[in-house]
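**Q** My structure file my_file.csv, CSV, C-alpha atoms and all ligand atoms, is below:
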chain,number,residue,atom,x,y,z
W,291,MET,CA,50.5,54.8,16.3
W,292,ALA,CA,47.8,52.4,17.3
W,293,VAL,CA,48.3,48.7,17.7
W,294,PHE,CA,48.8,47.0,14.3
W,295,GLY,CA,45.5,46.2,12.7
W,296,THR,CA,43.1,48.1,14.9
W,297,VAL,CA,42.4,51.2,12.8
W,298,PHE,CA,40.3,50.8,9.7
W,299,MET,CA,39.3,53.1,6.8
W,300,PRO,CA,35.5,53.9,7.1
W,301,GLU,CA,34.5,52.0,3.9
W,302,MET,CA,35.5,48.8,2.2
W,303,ALA,CA,34.8,47.2,-1.1
W,304,LEU,CA,32.4,44.3,-1.0
W,305,THR,CA,30.8,41.7,-3.4
W,306,ARG,CA,28.5,38.7,-2.8
W,307,PHE,CA,28.4,35.4,-4.6
W,308,GLU,CA,24.7,34.4,-5.0
W,309,ASN,CA,22.9,32.4,-7.6
W,310,ASP,CA,26.2,31.4,-9.2
W,311,SER,CA,27.5,34.8,-9.8
W,312,TRP,CA,29.3,37.7,-8.2
W,313,SER,CA,27.4,41.0,-7.6
W,314,ASP,CA,28.9,44.3,-8.8
W,315,SER,CA,31.2,45.4,-6.1
W,316,GLN,CA,30.2,48.3,-3.9
W,317,PHE,CA,31.7,50.5,-1.2
W,318,VAL,CA,30.0,49.9,2.1
W,319,SER,CA,30.6,50.9,5.7
W,320,SER,CA,33.5,48.9,7.2
W,321,ASP,CA,32.0,48.9,10.7
W,322,SER,CA,29.7,45.9,10.3
W,323,ILE,CA,28.6,43.2,8.0
W,324,GLN,CA,25.4,41.3,8.2
W,325,MET,CA,25.1,37.5,7.9
W,326,HIS,CA,22.8,34.8,9.2
W,327,PRO,CA,23.8,33.3,12.5
W,328,GLY,CA,23.8,29.9,10.7
W,329,ALA,CA,26.3,31.2,8.1
W,330,HIS,CA,28.7,28.4,7.0
W,331,VAL,CA,31.8,30.3,8.1
W,332,LEU,CA,30.6,30.7,11.7
W,333,HIS,CA,30.2,27.0,12.1
W,334,TYR,CA,32.5,25.3,9.7
W,335,SER,CA,35.3,27.9,9.2
W,336,SER,CA,34.9,28.4,5.4
W,337,THR,CA,37.1,31.4,5.5
W,338,CYS,CA,40.4,32.7,3.9
W,339,PHE,CA,42.1,36.0,3.7
W,340,GLU,CA,45.1,37.8,2.2
W,341,GLY,CA,47.5,40.4,3.5
W,342,LEU,CA,49.3,42.9,1.2
W,343,LYS,CA,50.4,46.5,1.4
W,344,ALA,CA,50.2,49.8,-0.5
W,345,PHE,CA,53.1,52.3,-0.2
W,346,ARG,CA,53.4,56.0,-0.7
W,347,HIS,CA,56.3,57.2,-2.9
W,348,GLN,CA,58.0,60.5,-2.6
W,349,ASP,CA,56.3,61.8,-5.7
W,350,GLY,CA,52.9,61.1,-4.1
W,351,GLY,CA,52.2,58.0,-6.2
W,352,ILE,CA,50.6,55.0,-4.4
W,353,TYR,CA,51.8,51.5,-5.3
W,354,VAL,CA,50.6,48.0,-4.3
W,355,PHE,CA,53.3,45.4,-3.8
W,356,ARG,CA,53.0,42.0,-5.6
W,357,MET,CA,49.2,42.0,-5.9
W,358,ASP,CA,49.3,39.2,-8.5
W,359,GLN,CA,50.9,36.9,-6.0
W,360,ASN,CA,48.3,37.6,-3.4
W,361,LEU,CA,45.5,37.2,-5.9
W,362,ASN,CA,46.8,33.8,-6.9
W,363,ARG,CA,47.1,32.7,-3.3
W,364,PHE,CA,43.6,34.0,-2.6
W,365,GLU,CA,42.2,32.0,-5.5
W,366,GLN,CA,44.1,28.9,-4.4
W,367,SER,CA,42.9,29.3,-0.8
W,368,SER,CA,39.3,29.7,-1.9
W,369,ARG,CA,39.5,26.7,-4.2
W,370,LEU,CA,41.1,24.4,-1.6
W,371,LEU,CA,38.3,25.4,0.9
W,372,ASN,CA,35.6,24.8,-1.7
W,373,LEU,CA,34.4,28.3,-1.5
W,374,PRO,CA,33.0,29.9,-4.7
W,375,GLU,CA,35.7,30.6,-7.3
W,376,ILE,CA,36.9,34.2,-7.0
W,377,ASP,CA,37.0,36.5,-10.0
W,378,LYS,CA,40.6,37.7,-9.8
W,379,ALA,CA,40.0,40.6,-12.2
W,380,GLN,CA,37.2,41.8,-10.0
W,381,VAL,CA,39.1,41.5,-6.8
W,382,GLU,CA,42.1,43.3,-8.3
W,383,LYS,CA,39.8,46.1,-9.3
W,384,MET,CA,38.2,46.2,-5.8
W,385,ILE,CA,41.7,46.5,-4.3
W,386,LEU,CA,42.8,49.3,-6.6
W,387,ASP,CA,39.5,51.1,-6.2
W,388,VAL,CA,39.4,51.0,-2.5
W,389,VAL,CA,43.1,51.9,-2.1
W,390,GLY,CA,42.5,54.7,-4.7
W,391,LYS,CA,39.6,56.0,-2.7
W,392,TYR,CA,41.8,56.3,0.4
W,393,ALA,CA,45.0,57.3,-1.4
W,394,ASN,CA,45.3,60.4,0.8
W,395,ASP,CA,45.3,58.2,3.9
W,396,VAL,CA,48.2,55.9,2.9
W,397,PRO,CA,50.8,56.7,5.5
W,398,GLU,CA,54.3,57.9,4.6
W,399,PRO,CA,57.2,55.4,4.9
W,400,PRO,CA,57.9,53.6,7.2
W,401,GLY,CA,54.1,53.3,7.4
W,402,SER,CA,51.9,51.8,4.7
W,403,MET,CA,48.3,50.8,4.0
W,404,TYR,CA,47.7,47.2,4.9
W,405,ILE,CA,45.1,45.5,2.6
W,406,ARG,CA,43.0,42.6,3.9
W,407,PRO,CA,40.9,40.8,1.3
W,408,THR,CA,38.6,38.3,3.1
W,409,HIS,CA,36.3,35.6,1.7
W,410,VAL,CA,33.8,33.8,3.8
W,411,GLY,CA,31.0,31.2,3.2
W,412,THR,CA,27.6,32.7,4.1
W,413,GLU,CA,25.0,30.0,3.3
W,414,ALA,CA,22.7,29.6,6.2
W,415,SER,CA,22.8,25.9,6.6
W,416,ILE,CA,24.1,24.3,9.8
W,417,GLY,CA,23.6,20.9,8.2
W,418,LYS,CA,26.5,21.5,5.8
W,419,ALA,CA,29.4,20.3,8.0
W,420,ALA,CA,30.5,18.2,5.1
W,421,ALA,CA,29.3,20.3,2.2
W,422,PRO,CA,30.4,23.6,0.7
W,423,SER,CA,28.7,26.9,1.1
W,424,LEU,CA,27.0,27.9,-2.1
W,425,THR,CA,27.0,31.6,-1.3
W,426,SER,CA,29.8,33.8,0.0
W,427,LEU,CA,30.9,37.3,0.9
W,428,LEU,CA,34.2,38.8,-0.2
W,429,TYR,CA,35.4,42.2,1.0
W,430,VAL,CA,38.6,44.3,0.9
W,431,LEU,CA,39.3,46.0,4.2
W,432,LEU,CA,42.0,48.6,4.7
W,433,SER,CA,44.1,49.4,7.8
W,434,PRO,CA,46.8,52.0,7.9
W,435,VAL,CA,49.8,50.7,9.7
W,436,GLY,CA,53.0,52.2,11.2
W,437,ASP,CA,56.5,50.8,11.4
W,438,TYR,CA,56.6,47.4,13.1
W,439,PHE,CA,60.1,48.3,14.3
W,440,SER,CA,59.4,51.7,15.8
W,441,SER,CA,59.0,50.2,19.2
W,442,GLY,CA,62.6,48.9,19.0
W,443,ALA,CA,61.7,45.3,18.3
W,444,LYS,CA,64.1,43.0,20.1
W,445,PRO,CA,65.2,39.8,18.3
W,446,LEU,CA,62.6,37.1,18.9
W,447,ARG,CA,62.7,34.1,21.1
W,448,LEU,CA,61.4,31.0,19.3
W,449,LEU,CA,60.4,27.7,20.9
W,450,LEU,CA,61.3,24.8,18.6
W,451,ASP,CA,58.4,22.4,18.8
W,452,GLU,CA,59.0,19.0,17.3
W,453,THR,CA,55.9,17.2,18.5
W,454,GLY,CA,53.0,19.6,17.7
W,455,MET,CA,51.9,21.1,14.4
W,456,ARG,CA,50.7,24.5,13.4
W,457,CYS,CA,47.7,23.1,11.6
W,458,SER,CA,46.6,20.0,9.8
W,459,PRO,CA,49.2,19.3,7.0
W,460,HIS,CA,46.7,19.5,4.2
W,461,MET,CA,45.7,23.0,5.3
W,462,GLY,CA,49.2,24.4,5.5
W,463,MET,CA,49.2,26.4,2.3
W,464,ILE,CA,45.7,27.8,2.8
W,465,LYS,CA,45.6,31.2,4.5
W,466,SER,CA,42.6,30.3,6.5
W,467,GLY,CA,41.3,31.4,9.9
W,468,GLY,CA,41.1,27.9,11.5
W,469,ASN,CA,44.9,27.5,11.2
W,470,TYR,CA,45.5,30.4,13.5
W,471,ALA,CA,43.0,29.1,16.0
W,472,SER,CA,44.7,25.8,15.8
W,473,ALA,CA,48.1,27.2,16.7
W,474,LEU,CA,46.9,29.6,19.4
W,475,GLY,CA,46.8,27.2,22.3
W,476,PRO,CA,50.4,26.0,21.9
W,477,ILE,CA,51.7,29.6,21.3
W,478,LEU,CA,50.0,30.9,24.5
W,479,GLU,CA,51.4,27.9,26.4
W,480,ALA,CA,54.9,28.6,25.0
W,481,ARG,CA,54.6,32.3,26.1
W,482,ALA,CA,53.6,31.4,29.6
W,483,SER,CA,56.1,28.5,30.2
W,484,VAL,CA,59.3,29.7,28.5
W,485,GLN,CA,58.6,33.3,27.6
W,486,ALA,CA,58.8,32.5,23.9
W,487,ASP,CA,57.5,35.1,21.4
W,488,GLN,CA,56.5,32.4,18.9
W,489,ILE,CA,56.7,28.7,18.2
W,490,LEU,CA,58.8,27.5,15.3
W,491,PHE,CA,56.9,24.4,14.3
W,492,CYS,CA,59.2,21.6,13.4
W,493,PRO,CA,57.0,18.5,13.0
W,494,ASN,CA,59.2,15.3,13.3
W,495,GLY,CA,62.3,17.5,13.5
W,496,ASP,CA,61.7,19.3,10.1
W,497,VAL,CA,61.9,23.1,10.5
W,498,GLN,CA,58.7,24.5,9.0
W,499,GLU,CA,57.3,28.0,10.0
W,500,THR,CA,55.8,29.9,12.9
W,501,GLY,CA,52.1,30.7,13.5
W,502,ALA,CA,52.1,33.5,10.8
W,503,ALA,CA,55.5,33.9,9.3
W,504,ASN,CA,58.1,31.9,7.3
W,505,PHE,CA,61.5,31.0,8.7
W,506,ILE,CA,64.9,31.7,7.0
W,507,LEU,CA,68.4,30.9,8.1
W,508,ILE,CA,71.4,32.9,6.9
W,509,ASP,CA,74.8,31.4,7.1
W,510,GLY,CA,77.5,33.5,5.5
W,511,ASN,CA,76.6,33.9,1.8
W,512,GLU,CA,74.0,31.2,2.0
W,513,ILE,CA,70.3,31.6,2.7
W,514,ILE,CA,68.4,28.5,3.7
W,515,THR,CA,64.7,27.9,3.9
W,516,LYS,CA,62.3,25.0,3.6
W,517,ALA,CA,61.4,24.2,-0.1
W,518,LEU,CA,57.8,24.8,-0.9
W,519,ASP,CA,55.4,21.9,-0.3
W,520,SER,CA,51.7,21.8,0.6
W,521,SER,CA,52.3,21.7,4.4
W,522,PHE,CA,53.1,25.4,5.0
W,523,LEU,CA,52.2,28.9,3.8
W,524,HIS,CA,54.0,30.1,0.7
W,525,GLY,CA,54.9,33.6,1.7
W,526,VAL,CA,55.2,36.4,-0.8
W,527,THR,CA,57.8,38.0,1.4
W,528,ARG,CA,59.8,34.7,1.5
W,529,GLY,CA,59.8,34.6,-2.3
W,530,SER,CA,60.8,38.3,-2.6
W,531,ILE,CA,63.6,38.0,-0.1
W,532,LEU,CA,65.0,34.9,-2.0
W,533,THR,CA,64.9,36.8,-5.3
W,534,LEU,CA,66.7,39.8,-3.7
W,535,ALA,CA,69.3,37.6,-2.0
W,536,ALA,CA,70.0,36.0,-5.4
W,537,ASP,CA,70.3,39.5,-6.9
W,538,LEU,CA,72.9,40.2,-4.2
W,539,GLY,CA,74.9,37.1,-5.3
W,540,MET,CA,73.9,35.0,-2.3
W,541,THR,CA,73.4,31.2,-2.6
W,542,ILE,CA,69.8,30.2,-2.3
W,543,SER,CA,69.2,26.8,-0.7
W,544,GLU,CA,65.5,25.7,-0.6
W,545,ARG,CA,65.6,22.5,1.2
W,546,ASN,CA,64.6,20.8,4.5
W,547,ILE,CA,66.5,21.7,7.6
W,548,SER,CA,66.5,19.5,10.6
W,549,VAL,CA,66.4,20.8,14.2
W,550,ASP,CA,69.8,19.2,14.7
W,551,GLU,CA,71.3,21.1,11.8
W,552,LEU,CA,69.6,24.3,12.8
W,553,LEU,CA,71.0,24.2,16.4
W,554,GLU,CA,74.4,23.2,15.1
W,555,ARG,CA,74.6,26.1,12.6
W,556,ALA,CA,73.0,28.6,15.1
W,557,SER,CA,76.0,28.3,17.4
W,558,LYS,CA,78.4,29.5,14.7
W,559,PRO,CA,79.4,33.2,14.8
W,560,GLY,CA,77.8,35.3,12.0
W,561,VAL,CA,74.8,33.0,11.6
W,562,GLU,CA,71.4,34.8,11.4
W,563,ALA,CA,67.8,33.8,11.5
W,564,ALA,CA,64.7,35.7,10.7
W,565,LEU,CA,60.9,35.4,10.2
W,566,SER,CA,59.4,36.8,7.0
W,567,GLY,CA,56.0,38.1,6.3
W,568,THR,CA,54.2,41.2,4.9
W,569,ALA,CA,53.5,42.8,8.3
W,570,ALA,CA,57.1,43.0,9.5
W,571,VAL,CA,59.1,42.1,6.3
W,572,LEU,CA,62.0,40.4,8.2
W,573,THR,CA,62.1,40.1,11.9
W,574,PRO,CA,65.4,38.9,13.5
W,575,VAL,CA,65.5,35.8,15.7
W,576,GLY,CA,67.9,36.0,18.6
W,577,THR,CA,67.2,32.8,20.6
W,578,PHE,CA,66.0,29.2,20.0
W,579,ILE,CA,64.5,27.4,23.0
W,580,HIS,CA,64.8,23.6,22.7
W,581,ASN,CA,64.3,20.9,25.4
W,582,ASP,CA,64.6,23.6,28.2
W,583,LYS,CA,67.9,24.8,26.8
W,584,GLU,CA,68.4,28.3,25.3
W,585,HIS,CA,70.6,28.6,22.1
W,586,THR,CA,71.7,32.0,21.1
W,587,VAL,CA,71.6,32.6,17.3
W,588,GLY,CA,74.9,34.1,16.2
W,589,SER,CA,75.4,37.2,18.2
W,590,GLY,CA,71.8,37.1,19.5
W,591,GLU,CA,71.3,40.5,17.8
W,592,ALA,CA,69.8,41.6,14.5
W,593,GLY,CA,72.3,40.5,11.9
W,594,PRO,CA,73.7,42.7,9.1
W,595,THR,CA,72.4,40.5,6.2
W,596,THR,CA,68.9,40.4,7.7
W,597,MET,CA,69.0,44.2,7.9
W,598,LYS,CA,70.4,44.5,4.4
W,599,LEU,CA,67.8,42.3,2.8
W,600,ARG,CA,65.0,44.0,4.8
W,601,GLN,CA,66.3,47.4,3.6
W,602,ALA,CA,66.6,46.2,0.0
W,603,LEU,CA,62.9,45.1,0.0
W,604,ASN,CA,61.7,48.3,1.7
W,605,ASP,CA,63.7,50.4,-0.8
W,606,ILE,CA,61.8,48.9,-3.7
W,607,GLN,CA,58.4,49.2,-1.8
W,608,TRP,CA,59.1,52.9,-1.0
W,609,GLY,CA,60.3,53.7,-4.5
W,610,LYS,CA,63.9,54.4,-3.4
W,611,ALA,CA,65.4,51.6,-5.5
W,612,PRO,CA,64.5,50.5,-9.1
W,613,ASP,CA,61.6,48.0,-9.3
W,614,LYS,CA,63.6,45.6,-11.5
W,615,HIS,CA,61.2,42.7,-11.1
W,616,ASN,CA,58.0,44.7,-11.7
W,617,TRP,CA,56.6,44.1,-8.3
W,618,LEU,CA,54.7,47.4,-7.9
W,619,VAL,CA,51.3,48.3,-9.4
W,620,LYS,CA,50.4,52.0,-9.5
W,621,VAL,CA,47.1,52.8,-8.0
W,622,ASN,CA,46.4,56.4,-8.8
F,701,LIG,C1,50.7,35.2,5.8
F,701,LIG,C2,51.6,34.2,6.3
F,701,LIG,C3,52.9,34.1,6.0
F,701,LIG,C4,53.7,35.2,5.3
F,701,LIG,O1,53.2,35.4,4.0
F,701,LIG,P1,53.5,36.7,3.3
F,701,LIG,O2,52.8,36.6,1.9
F,701,LIG,O3,55.0,36.9,3.2
F,701,LIG,O4,52.9,37.8,4.1
F,701,LIG,C5,53.7,33.0,6.4
F,701,LIG,N1,53.1,32.0,7.2
F,701,LIG,C6,51.8,32.1,7.5
F,701,LIG,C7,51.2,31.0,8.3
F,701,LIG,C8,51.0,33.1,7.1
F,701,LIG,O5,49.7,33.2,7.5
Spit out the file's structure as structure tokens when you get a sec.
Ligand SMILES: *Cc1c(COP(=O)(O)O)cnc(C)c1O

**A**
Amino acid sequence: MAVFGTVFMPEMALTRFENDSWSDSQFVSSDSIQMHPGAHVLHYSSTCFEGLKAFRHQDGGIYVFRMDQNLNRFEQSSRLLNLPEIDKAQVEKMILDVVGKYANDVPEPPGSMYIRPTHVGTEASIGKAAAPSLTSLLYVLLSPVGDYFSSGAKPLRLLLDETGMRCSPHMGMIKSGGNYASALGPILEARASVQADQILFCPNGDVQETGAANFILIDGNEIITKALDSSFLHGVTRGSILTLAADLGMTISERNISVDELLERASKPGVEAALSGTAAVLTPVGTFIHNDKEHTVGSGEAGPTTMKLRQALNDIQWGKAPDKHNWLVKVN
């Protein structure tokens, strides 16, 4: 299978916001878009996106996972960036239509169809550094993806960074391109200097998230993760895992964790840590790097609870367990 996110379906669904209204959505070629070189997004980063997945069930049905959550977040990101208000019903239809069009291309489990709605400001006005774009482009791009774990993913090494930040705090819950650009320098530096896979941003000692995934700690029957606030991205996977953990009788603690508490707990046997996100569901964390010292998390290997929760989520997505929470929407 190709590298994640490098294969695209030949067409995508697209709509434009002009003269205060959204155009009828169309299927267009996904190999290029046209915009003015002075487009707002290219200069002032008026851009946000979503990431969700469609899954193939054994009976051939294709199902999108928690689309309502992604639509709400897309609406929130667009609003906080002062992009034109999205029409959620229209975007929902665009997602279902384009996935339906490529239903035959949705991979079998453990693969899936990754769905990337994207919204960018297109007004040609380089004078609008401090004013919103009055026009925009919104499209839904599809990329078939394989199993993140097929390459035998090793537990991750995370650098705990207490001085830097992933992004400006008021941008944290917006899924916007500039935030990834902002985190890239520190991440590359951490890879080169201490062979970290990712940085776990812990501004002022408060454990937050990595560049593109939420962080959870599992200690026995308790699952601990930062409570939602506006400083970080509210992952749909995070919320789903907490719900499934509660279903399994685990104790859910949504609260702040300090770096001190994290390191203290990590040294205990049986403790597990993981990153959550749509692409990889739950990825085990094996090592924290802090002040030039390495701290093994629990056994340093993927833990049983992480794997159990990951499996529970996959089973619902793949139609192998009942969808008790009505998380799936049938496409075809
Ligand atoms: C997308 C993303 C996540 C995970 O969100 P999901 O909805 O679970 O995919 C977490 N953190 C950041 C910064 C993200 O961009």

**Q** Can I get the residues close to ligand LIG 701 (chain F) as an MDAnalysis selection string, where close means within 9 Å and we count only C-alpha atoms and all ligand atoms?

**A** chainID W and resid 339:342 359:360 363 456 462:467 469:470 499:505 522:530 565:571

**Q** Go ahead and dump the residues you just picked, C-alpha atoms, as a PDB file, in the coordinates of the input.

**A**
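What ended up in out-v3.pdb:
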ATOM      1  CA  PHE W 339      42.100  36.000   3.700  1.00  0.00           C
ATOM      2  CA  GLU W 340      45.100  37.800   2.200  1.00  0.00           C
ATOM      3  CA  GLY W 341      47.500  40.400   3.500  1.00  0.00           C
ATOM      4  CA  LEU W 342      49.300  42.900   1.200  1.00  0.00           C
ATOM      5  CA  GLN W 359      50.900  36.900  -6.000  1.00  0.00           C
ATOM      6  CA  ASN W 360      48.300  37.600  -3.400  1.00  0.00           C
ATOM      7  CA  ARG W 363      47.100  32.700  -3.300  1.00  0.00           C
ATOM      8  CA  ARG W 456      50.700  24.500  13.400  1.00  0.00           C
ATOM      9  CA  GLY W 462      49.200  24.400   5.500  1.00  0.00           C
ATOM     10  CA  MET W 463      49.200  26.400   2.300  1.00  0.00           C
ATOM     11  CA  ILE W 464      45.700  27.800   2.800  1.00  0.00           C
ATOM     12  CA  LYS W 465      45.600  31.200   4.500  1.00  0.00           C
ATOM     13  CA  SER W 466      42.600  30.300   6.500  1.00  0.00           C
ATOM     14  CA  GLY W 467      41.300  31.400   9.900  1.00  0.00           C
ATOM     15  CA  ASN W 469      44.900  27.500  11.200  1.00  0.00           C
ATOM     16  CA  TYR W 470      45.500  30.400  13.500  1.00  0.00           C
ATOM     17  CA  GLU W 499      57.300  28.000  10.000  1.00  0.00           C
ATOM     18  CA  THR W 500      55.800  29.900  12.900  1.00  0.00           C
ATOM     19  CA  GLY W 501      52.100  30.700  13.500  1.00  0.00           C
ATOM     20  CA  ALA W 502      52.100  33.500  10.800  1.00  0.00           C
ATOM     21  CA  ALA W 503      55.500  33.900   9.300  1.00  0.00           C
ATOM     22  CA  ASN W 504      58.100  31.900   7.300  1.00  0.00           C
ATOM     23  CA  PHE W 505      61.500  31.000   8.700  1.00  0.00           C
ATOM     24  CA  PHE W 522      53.100  25.400   5.000  1.00  0.00           C
ATOM     25  CA  LEU W 523      52.200  28.900   3.800  1.00  0.00           C
ATOM     26  CA  HIS W 524      54.000  30.100   0.700  1.00  0.00           C
ATOM     27  CA  GLY W 525      54.900  33.600   1.700  1.00  0.00           C
ATOM     28  CA  VAL W 526      55.200  36.400  -0.800  1.00  0.00           C
ATOM     29  CA  THR W 527      57.800  38.000   1.400  1.00  0.00           C
ATOM     30  CA  ARG W 528      59.800  34.700   1.500  1.00  0.00           C
ATOM     31  CA  GLY W 529      59.800  34.600  -2.300  1.00  0.00           C
ATOM     32  CA  SER W 530      60.800  38.300  -2.600  1.00  0.00           C
ATOM     33  CA  LEU W 565      60.900  35.400  10.200  1.00  0.00           C
ATOM     34  CA  SER W 566      59.400  36.800   7.000  1.00  0.00           C
ATOM     35  CA  GLY W 567      56.000  38.100   6.300  1.00  0.00           C
ATOM     36  CA  THR W 568      54.200  41.200   4.900  1.00  0.00           C
ATOM     37  CA  ALA W 569      53.500  42.800   8.300  1.00  0.00           C
ATOM     38  CA  ALA W 570      57.100  43.000   9.500  1.00  0.00           C
ATOM     39  CA  VAL W 571      59.100  42.100   6.300  1.00  0.00           C
TER      40      VAL W 571
END

**Q** Given the choices W:Cys338, W:Met384, W:Ala556, W:Ala414, which gets closest to Gln366 (chain W) if the distance is worked out from only C-alpha atoms?

**A** W:Cys338

**Q** For region 318-330 of chain W, work out the shell of residues within 9 Å, counting all atoms listed in the file and skipping chain neighbours fewer than 5 positions away, then give it as a ChimeraX atom specification.

**A** /W:298-304,335-336,410-416,418-419,422-423,426,431-432

**Q** Would you kindly return, as a list in words, each protein, DNA or RNA residue with an atom no farther than 10 Å from any atom of Ala486 (chain W), considering all atoms listed in the file and excluding same-chain residues fewer than 4 positions away?

**A**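 The neighbour list is Leu446, Arg447, Leu448, Leu449, Leu450, Ile477, Leu478, Glu479, Ala480, Arg481, Ala482, Leu490, Thr577, Phe578 and Ile579 of chain W.
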
**Q** Expressed in Å to a single decimal, how great is the separation between CA of Pro399 (chain W) and CA of Glu591 (chain W)?

**A**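 Value for the CA of Pro399 (chain W)-CA of Glu591 (chain W) distance: 24.2 Å.
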
**Q** Report as a list in words all protein, DNA and RNA residues lying within 10 Å of Ala393 (chain W), evaluated on all atoms listed in the file, omitting residues in the same chain fewer than 6 positions from it.

**A**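 That gives Ala344, Phe345, Arg346, Gly350, Gly351, Ile352, Tyr353, Leu386, Asp387, Met403, Val621 and Asn622 of chain W.
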
**Q** In Å, with one decimal, what is the gap from CA of Tyr392 (chain W) to CA of Phe294 (chain W)?

**A** 18.1 Å

**Q** Determine the nearest neighbour of Ser548 (chain W) from the options W:Thr533, W:Val575, W:Asp509, W:Val497, counting only C-alpha atoms.

**A**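 Checking each candidate against Ser548 (chain W), we get W:Val497 as the closest.
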
**Q** Of the candidates W:Val484, W:Leu552, W:Ile376, W:Cys492, which one gets nearest to Thr408 (chain W) if we count all atoms listed in the file?

**A**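 Looking only at the distances to Thr408 (chain W), the closest residue turns out to be W:Ile376.
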
**Q** Can you pull out the residues contacting Trp608 (chain W)? Cut-off 12 Å, using only C-alpha atoms, and skip same-chain residues under 3 positions away; I want them as JSON, numbers by chain.

**A** {"W": [343, 344, 345, 346, 347, 348, 349, 350, 351, 352, 353, 354, 355, 396, 397, 398, 399, 400, 401, 402, 601, 602, 603, 604, 605, 611, 612, 613, 617, 618]}

**Q** When you draw a straight line from CA of Ala292 (chain W) to CA of Tyr438 (chain W), how long is it in Å?

**A**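 CA of Tyr438 (chain W) lies at a distance of 11.0 Å from CA of Ala292 (chain W).
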
**Q** With distances taken over only C-alpha atoms, which residue among W:Met357, W:Ala473, W:Ile508, W:Ala517 lies nearest Lys598 (chain W)?

**A**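 Of W:Met357, W:Ala473, W:Ile508, W:Ala517, the one nearest Lys598 (chain W) is W:Ile508, counting only C-alpha atoms.
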
**Q** Ranking W:Lys620, W:Val549, W:Gly454, W:Pro434 by minimum distance to Asn394 (chain W) and counting all atoms listed in the file, which one comes first?

**A**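 Closest to Asn394 (chain W), using all atoms listed in the file: W:Pro434.
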
**Q** Just checking: using all atoms listed in the file, which residue out of W:Ser543, W:Thr573, W:Asn581, W:Ser589 ends up closest to Lys558 (chain W)?

**A**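 Selected residue with least distance to Lys558 (chain W): W:Ser589.
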